[in-house]
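K.L.:
Before I ask anything, let me first share the structure, which is written out below as structure tokens.
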Amino acid sequence: MVVFPNAKINLGLHILNKRPDGYHEIESCFYPVPWREALEIIESDKTFVTTSGNPIPDDGDNIILKAYHLLASDFALPPLHIHLHKEIPIGAGLGGGSADAAFMLRLLNSQYNLGLNSEALKNYAVSLGADCAFFMENKPILATGIGERLEAIDLSLSGKFILLAYPNIHISTKEAYAGILPKKPEHDLKNILAEEPITSWKDLLKNDFESHLFQRYPVLKSIKKHLYSMGAIYASMTGSGSCMFGIFDAKPEATFSKEYRILIGEL
């Protein structure tokens with residue numbers, strides 16, 4: 001059985017405060033995008049993971065295995081050979097690892113008739129990562145808390161095109177948050193997305209990570225500037241970086257150096 005986990009972008013990202021437990025309270029809109037990888041399970045005599053495509057650090061902390069063992073602790077699952085063909089860059093702010101874990105939970109639930117409803121799956125997902133629950137429904141969501149409190153939002157970019165540009169820079173969550181000073185945002189994110197036309201997002205919709213990461217990695221600022229020069233209606237860094245994206249009315253032609261990974265798709 002094969003499923004195809006997809007990436008997400010952040011439309012706006014505000015870091016509101018730091019909690020006593022070390023986590024940060026945020027608000028952001030998660031939006032699914034068509035950058036996908038492939039996840040396959042085959043019954044085996046033991047449970048293990050193999051990969052192809054982009055290299056994955058072998059640090060003994062595989063989130064797909066965590067998802068399997070999480071359900072295996074409550075249900076009688078057979079041992080599995082799990083294979084992931086990795087396409088979504090790591091450390092790019094695209095949520096690839098979270099998507100893989102969420103799709104693994106969904107796949108096990110359907111393949112082995114576990115009978116878990118959407119809410120139950122979300123509860124499992126949250127224990128794996130703050131934004132894993134988003135991929136259970138995989139539609140535009142306003143995320144608050146540490147990213148686990150999800151509220152449906154009436155937002156569609158259908159008919160628009162997206163260009164995602166990844167400059168092969170890995171930015172860890174720890175590095176991204178090291179330069180953050182939490183603050184109250186100038187504009188209300190939910191109101192911007194609900195009431196303002198996309199043509200005004202350039203001046204209103206902010207990602208708080210950009211200010212210090214652009215100083216550390218000037219190429220990110222250059223990519224954003226280039227996306228606007230190409231005709232993007234809105235351009236931003238997603239998540240804690242380093243992937244940049246632009247939203248366009250018409251399908252753009254990529255004009256980037258060969259060292260960048262580029263994906264162009266319809267939203």
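Note on naming: chains are A, B, ... as they come in the structure tokens, residues start from 1 per chain, ligands start from 1 in the order shown.
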Residues at most 10 Å from segment 43-48 of chain A, counting only C-alpha atoms, excluding those fewer than 3 positions away in the same chain, as a VMD selection string?

P.N.:
chain A and resid 1 65 68 to 69 77 to 83

K.L.:
May I have the residues from that selection written out with N, CA and C atoms, as a JSON list (two decimals), in the first residue's frame?

P.N.:
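See result.json below for the written result:
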[["chain", "number", "residue", "atom", "x", "y", "z"],
["A", 1, "MET", "N", 0.86, -1.19, 0.00],
["A", 1, "MET", "CA", 0.00, 0.00, 0.00],
["A", 1, "MET", "C", 0.89, 1.24, 0.00],
["A", 65, "LEU", "N", 8.80, 5.56, 12.22],
["A", 65, "LEU", "CA", 8.82, 4.43, 13.15],
["A", 65, "LEU", "C", 8.09, 4.78, 14.44],
["A", 68, "TYR", "N", 4.47, 4.30, 13.83],
["A", 68, "TYR", "CA", 4.11, 2.87, 13.84],
["A", 68, "TYR", "C", 4.03, 2.34, 15.27],
["A", 69, "HIS", "N", 5.06, 2.60, 16.07],
["A", 69, "HIS", "CA", 5.10, 2.05, 17.43],
["A", 69, "HIS", "C", 4.02, 2.67, 18.32],
["A", 77, "LEU", "N", -0.60, -4.77, 15.42],
["A", 77, "LEU", "CA", -0.13, -4.53, 14.06],
["A", 77, "LEU", "C", 0.95, -5.55, 13.70],
["A", 78, "PRO", "N", 0.98, -5.99, 12.44],
["A", 78, "PRO", "CA", 2.04, -6.91, 12.02],
["A", 78, "PRO", "C", 3.36, -6.15, 11.83],
["A", 79, "PRO", "N", 4.48, -6.86, 11.84],
["A", 79, "PRO", "CA", 5.75, -6.20, 11.50],
["A", 79, "PRO", "C", 5.71, -5.75, 10.03],
["A", 80, "LEU", "N", 6.35, -4.62, 9.77],
["A", 80, "LEU", "CA", 6.27, -4.02, 8.43],
["A", 80, "LEU", "C", 7.63, -3.59, 7.91],
["A", 81, "HIS", "N", 7.82, -3.76, 6.62],
["A", 81, "HIS", "CA", 8.90, -3.08, 5.91],
["A", 81, "HIS", "C", 8.31, -1.76, 5.42],
["A", 82, "ILE", "N", 8.84, -0.67, 5.92],
["A", 82, "ILE", "CA", 8.36, 0.67, 5.57],
["A", 82, "ILE", "C", 9.39, 1.32, 4.66],
["A", 83, "HIS", "N", 8.94, 1.78, 3.50],
["A", 83, "HIS", "CA", 9.87, 2.47, 2.60],
["A", 83, "HIS", "C", 9.38, 3.87, 2.32]]

K.L.:
Within 12 Å of His24 of chain A, counting only C-alpha atoms, which residues qualify if same-chain residues fewer than 2 places away don't, as a list in words?

P.N.:
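Everything that qualifies: Leu13, His14, Ile15, Leu16, Asn17, Lys18, Arg19, Pro20, Asp21, Gly22, Ile26, Glu27, Ala130, Thr144, Gly145, Ile146, Gly147, Glu148, Thr173, Lys174, Ala176, Tyr177, Ala178, Ile180, Leu181, Pro182 and Lys183 of chain A.
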
K.L.:
Return as CSV the residues of segment 124-212 of chain A lying at most 12 Å from segment 255-258 of chain A, together with the closest atom-to-atom pair for each and the distance in Å to one decimal, counting only C-alpha atoms, with rows in chain order and ascending residue number.

P.N.:
residue,atom,partner,partner_atom,distance
A:Leu163,CA,A:Thr255,CA,10.7
A:Leu164,CA,A:Phe256,CA,11.0
A:Ala165,CA,A:Phe256,CA,8.4
A:Tyr166,CA,A:Phe256,CA,10.3
A:Pro167,CA,A:Ser257,CA,9.2
A:Asn168,CA,A:Lys258,CA,11.0

K.L.:
Dump N, CA and C atoms for the selected residues as a JSON list (two decimals), in the first residue's frame?

P.N.:
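out.json was written with the following content:
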[["chain", "number", "residue", "atom", "x", "y", "z"],
["A", 163, "LEU", "N", 5.31, 28.75, -6.73],
["A", 163, "LEU", "CA", 6.69, 28.38, -7.03],
["A", 163, "LEU", "C", 7.41, 28.27, -5.70],
["A", 164, "LEU", "N", 7.95, 27.10, -5.42],
["A", 164, "LEU", "CA", 8.72, 26.85, -4.22],
["A", 164, "LEU", "C", 10.19, 26.78, -4.59],
["A", 165, "ALA", "N", 11.02, 27.53, -3.89],
["A", 165, "ALA", "CA", 12.46, 27.58, -4.18],
["A", 165, "ALA", "C", 13.24, 27.22, -2.93],
["A", 166, "TYR", "N", 13.97, 26.11, -2.98],
["A", 166, "TYR", "CA", 14.76, 25.65, -1.84],
["A", 166, "TYR", "C", 16.25, 25.79, -2.18],
["A", 167, "PRO", "N", 16.98, 26.63, -1.44],
["A", 167, "PRO", "CA", 18.37, 26.91, -1.78],
["A", 167, "PRO", "C", 19.38, 25.97, -1.13],
["A", 168, "ASN", "N", 18.93, 24.77, -0.75],
["A", 168, "ASN", "CA", 19.82, 23.77, -0.15],
["A", 168, "ASN", "C", 20.49, 24.27, 1.13]]

K.L.:
How far is it from atom CA of Leu71 of chain A to atom CA of Leu105 of chain A, in Å with one decimal?

P.N.:
7.6 Å

K.L.:
Atom CA of Leu155 of chain A and atom CA of Phe214 of chain A are how many Å apart?

P.N.:
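Result for atom CA of Leu155 of chain A versus atom CA of Phe214 of chain A: 28.2 Å, one decimal.
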
K.L.:
List the neighbours of Lys139 of chain A out to 8 Å using only C-alpha atoms; skip same-chain residues closer than 3 positions along the sequence, and give me the result as a list of chain:residue names.

P.N.:
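The contact residues come out as A:Phe30, A:Tyr31, A:Pro32, A:Phe134, A:Phe135.
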
K.L.:
Would you mind exporting the chosen residues as a PDB file, in the first residue's frame, restricted to N, CA and C atoms?

P.N.:
ATOM      1  N   PHE A  30      -1.700  27.129   8.071  1.00  0.00           N
ATOM      2  CA  PHE A  30      -1.074  26.042   7.326  1.00  0.00           C
ATOM      3  C   PHE A  30      -1.884  25.809   6.047  1.00  0.00           C
ATOM      4  N   TYR A  31      -1.183  25.679   4.933  1.00  0.00           N
ATOM      5  CA  TYR A  31      -1.860  25.490   3.646  1.00  0.00           C
ATOM      6  C   TYR A  31      -1.146  24.365   2.890  1.00  0.00           C
ATOM      7  N   PRO A  32      -1.878  23.324   2.444  1.00  0.00           N
ATOM      8  CA  PRO A  32      -1.229  22.204   1.741  1.00  0.00           C
ATOM      9  C   PRO A  32      -0.748  22.598   0.354  1.00  0.00           C
ATOM     10  N   PHE A 134      -2.334  18.675  11.551  1.00  0.00           N
ATOM     11  CA  PHE A 134      -2.816  19.378  10.360  1.00  0.00           C
ATOM     12  C   PHE A 134      -3.007  18.428   9.183  1.00  0.00           C
ATOM     13  N   PHE A 135      -2.085  17.477   9.025  1.00  0.00           N
ATOM     14  CA  PHE A 135      -2.112  16.606   7.855  1.00  0.00           C
ATOM     15  C   PHE A 135      -3.204  15.543   7.926  1.00  0.00           C
TER      16      PHE A 135
END

K.L.:
Need to verify the contact set: Met104 of chain A, 9 Å, only C-alpha atoms, exclusion of same-chain residues closer than 3 positions in sequence. Can you return it as an MDAnalysis selection string?

P.N.:
chainID A and resid 3 5 39:41 64:65 67:68 99:101 107:109

K.L.:
I need the chosen residues saved as an mmCIF file, in the first residue's frame, with C-alpha atoms.

P.N.:
data_model
loop_
_atom_site.group_PDB
_atom_site.id
_atom_site.type_symbol
_atom_site.label_atom_id
_atom_site.label_comp_id
_atom_site.auth_asym_id
_atom_site.auth_seq_id
_atom_site.Cartn_x
_atom_site.Cartn_y
_atom_site.Cartn_z
ATOM 1 C CA VAL A 3 0.418 6.918 0.036
ATOM 2 C CA PRO A 5 2.559 12.691 1.876
ATOM 3 C CA LEU A 39 5.433 6.099 1.636
ATOM 4 C CA GLU A 40 4.899 2.339 1.250
ATOM 5 C CA ILE A 41 4.265 -0.464 3.755
ATOM 6 C CA ILE A 64 7.688 7.240 10.848
ATOM 7 C CA LEU A 65 8.822 4.434 13.151
ATOM 8 C CA ALA A 67 4.136 6.639 14.403
ATOM 9 C CA TYR A 68 4.113 2.868 13.839
ATOM 10 C CA ALA A 99 3.432 14.777 6.929
ATOM 11 C CA ASP A 100 5.196 11.394 6.800
ATOM 12 C CA ALA A 101 4.181 10.609 10.395
ATOM 13 C CA LEU A 107 -2.357 4.448 6.348
ATOM 14 C CA LEU A 108 -2.214 2.057 9.305
ATOM 15 C CA ASN A 109 -5.726 3.050 10.362
#

K.L.:
Enumerate, as a compact mmCIF listing (two decimals) with C-alpha atoms, in the first residue's frame, the complete set of residues in segment 69-218 of chain A that a backbone-based DSSP assignment places in helix (DSSP H, G or I).

P.N.:
# COMPACT_ATOMS: atom_id res chain seq x y z
CA HIS A 69 5.10 2.05 17.43
CA LEU A 70 2.58 4.56 18.78
CA LEU A 71 -0.30 2.62 17.22
CA ALA A 72 1.35 -0.77 17.75
CA GLY A 96 7.78 16.88 5.44
CA GLY A 97 8.56 14.83 8.53
CA SER A 98 5.24 15.71 10.14
CA ALA A 99 3.43 14.78 6.93
CA ASP A 100 5.20 11.39 6.80
CA ALA A 101 4.18 10.61 10.40
CA ALA A 102 0.58 11.72 9.86
CA PHE A 103 0.21 9.77 6.62
CA MET A 104 1.67 6.72 8.37
CA LEU A 105 -1.03 6.93 11.05
CA ARG A 106 -3.72 7.35 8.40
CA LEU A 107 -2.36 4.45 6.35
CA LEU A 108 -2.21 2.06 9.30
CA ASN A 109 -5.73 3.05 10.36
CA SER A 110 -7.20 2.33 6.94
CA GLN A 111 -5.09 -0.72 6.05
CA SER A 118 -10.41 11.95 12.77
CA GLU A 119 -10.29 13.26 16.33
CA ALA A 120 -8.62 10.11 17.66
CA LEU A 121 -6.01 10.24 14.91
CA LYS A 122 -5.30 13.89 15.72
CA ASN A 123 -4.71 12.98 19.36
CA TYR A 124 -2.10 10.43 18.32
CA ALA A 125 -0.58 12.87 15.84
CA VAL A 126 -0.09 15.68 18.37
CA PHE A 134 -2.82 19.38 10.36
CA PHE A 135 -2.11 16.61 7.85
CA MET A 136 -5.04 14.53 9.10
CA GLU A 137 -7.48 16.76 7.25
CA THR A 173 14.19 24.62 14.56
CA LYS A 174 16.70 25.41 17.33
CA GLU A 175 18.65 27.76 15.07
CA ALA A 176 15.52 29.50 13.83
CA TYR A 177 14.12 30.16 17.31
CA ALA A 178 17.50 31.29 18.70
CA LEU A 189 -3.62 37.16 11.02
CA LYS A 190 -7.15 35.77 10.88
CA ASN A 191 -8.58 39.12 9.76
CA ILE A 192 -5.95 39.51 7.06
CA LEU A 193 -6.72 36.11 5.56
CA ALA A 194 -10.50 36.49 5.89
CA GLU A 195 -10.94 40.10 4.84
CA ILE A 198 -4.17 38.68 -1.59
CA THR A 199 -2.77 41.78 -3.31
CA SER A 200 -2.45 43.41 0.13
CA TRP A 201 -0.69 40.47 1.80
CA LYS A 202 2.74 41.78 0.78
CA ASP A 203 2.41 44.62 3.30
CA LEU A 204 0.35 42.86 5.99
CA GLU A 210 12.44 36.34 8.22
CA SER A 211 13.95 39.34 9.99
CA HIS A 212 16.89 37.52 11.60
CA LEU A 213 17.24 34.60 9.18
CA PHE A 214 17.53 37.02 6.24
CA GLN A 215 20.47 38.62 8.03
CA ARG A 216 22.11 35.23 8.60
CA PRO A 218 21.09 36.93 2.69

K.L.:
Between A:Val33, A:Ile63, A:Ile162, A:Leu150, which residue has the minimum interatomic distance to Ile9 of chain A, considering only C-alpha atoms?

P.N.:
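Of the candidates, the smallest distance to Ile9 of chain A is held by A:Val33.
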
K.L.:
Rounded to one decimal in Å, what is the spacing between atom CA of Ser28 of chain A and atom CA of Pro197 of chain A?

P.N.:
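If I compute the distance from atom CA of Ser28 of chain A to atom CA of Pro197 of chain A, I get 17.4 Å.
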
K.L.:
Quick one: contact table of segment 142-161 of chain A to segment 228-245 of chain A, 12 Å max, nearest atom pair and distance in Å to one decimal per residue, counting only C-alpha atoms, chain and number order, as a tab-separated table?

P.N.:
residue	atom	partner	partner_atom	distance
A:Gly147	CA	A:Gly239	CA	11.1
A:Leu157	CA	A:Ile233	CA	11.7
A:Lys160	CA	A:Ile233	CA	9.8
A:Phe161	CA	A:Ala232	CA	9.4

K.L.:
Check the smallest atom-to-atom distance from each of A:Leu205, A:His170, A:Pro140, A:Ser52 to Ser156 of chain A using only C-alpha atoms, then report the winner.

P.N.:
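Closest residue, counting only C-alpha atoms: A:Pro140.
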
K.L.:
From the options A:Leu114, A:Ala92, A:Leu220, A:Ile171, which residue's atoms come nearest to Ala76 of chain A, counting only C-alpha atoms?

P.N.:
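Closest residue, counting only C-alpha atoms: A:Leu114.
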
K.L.:
Could you check which of A:Ile247, A:Leu11, A:Ile153, A:Ala254 is closest to Leu94 of chain A, using only C-alpha atoms?

P.N.:
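Closest to Leu94 of chain A of all the choices is A:Leu11.
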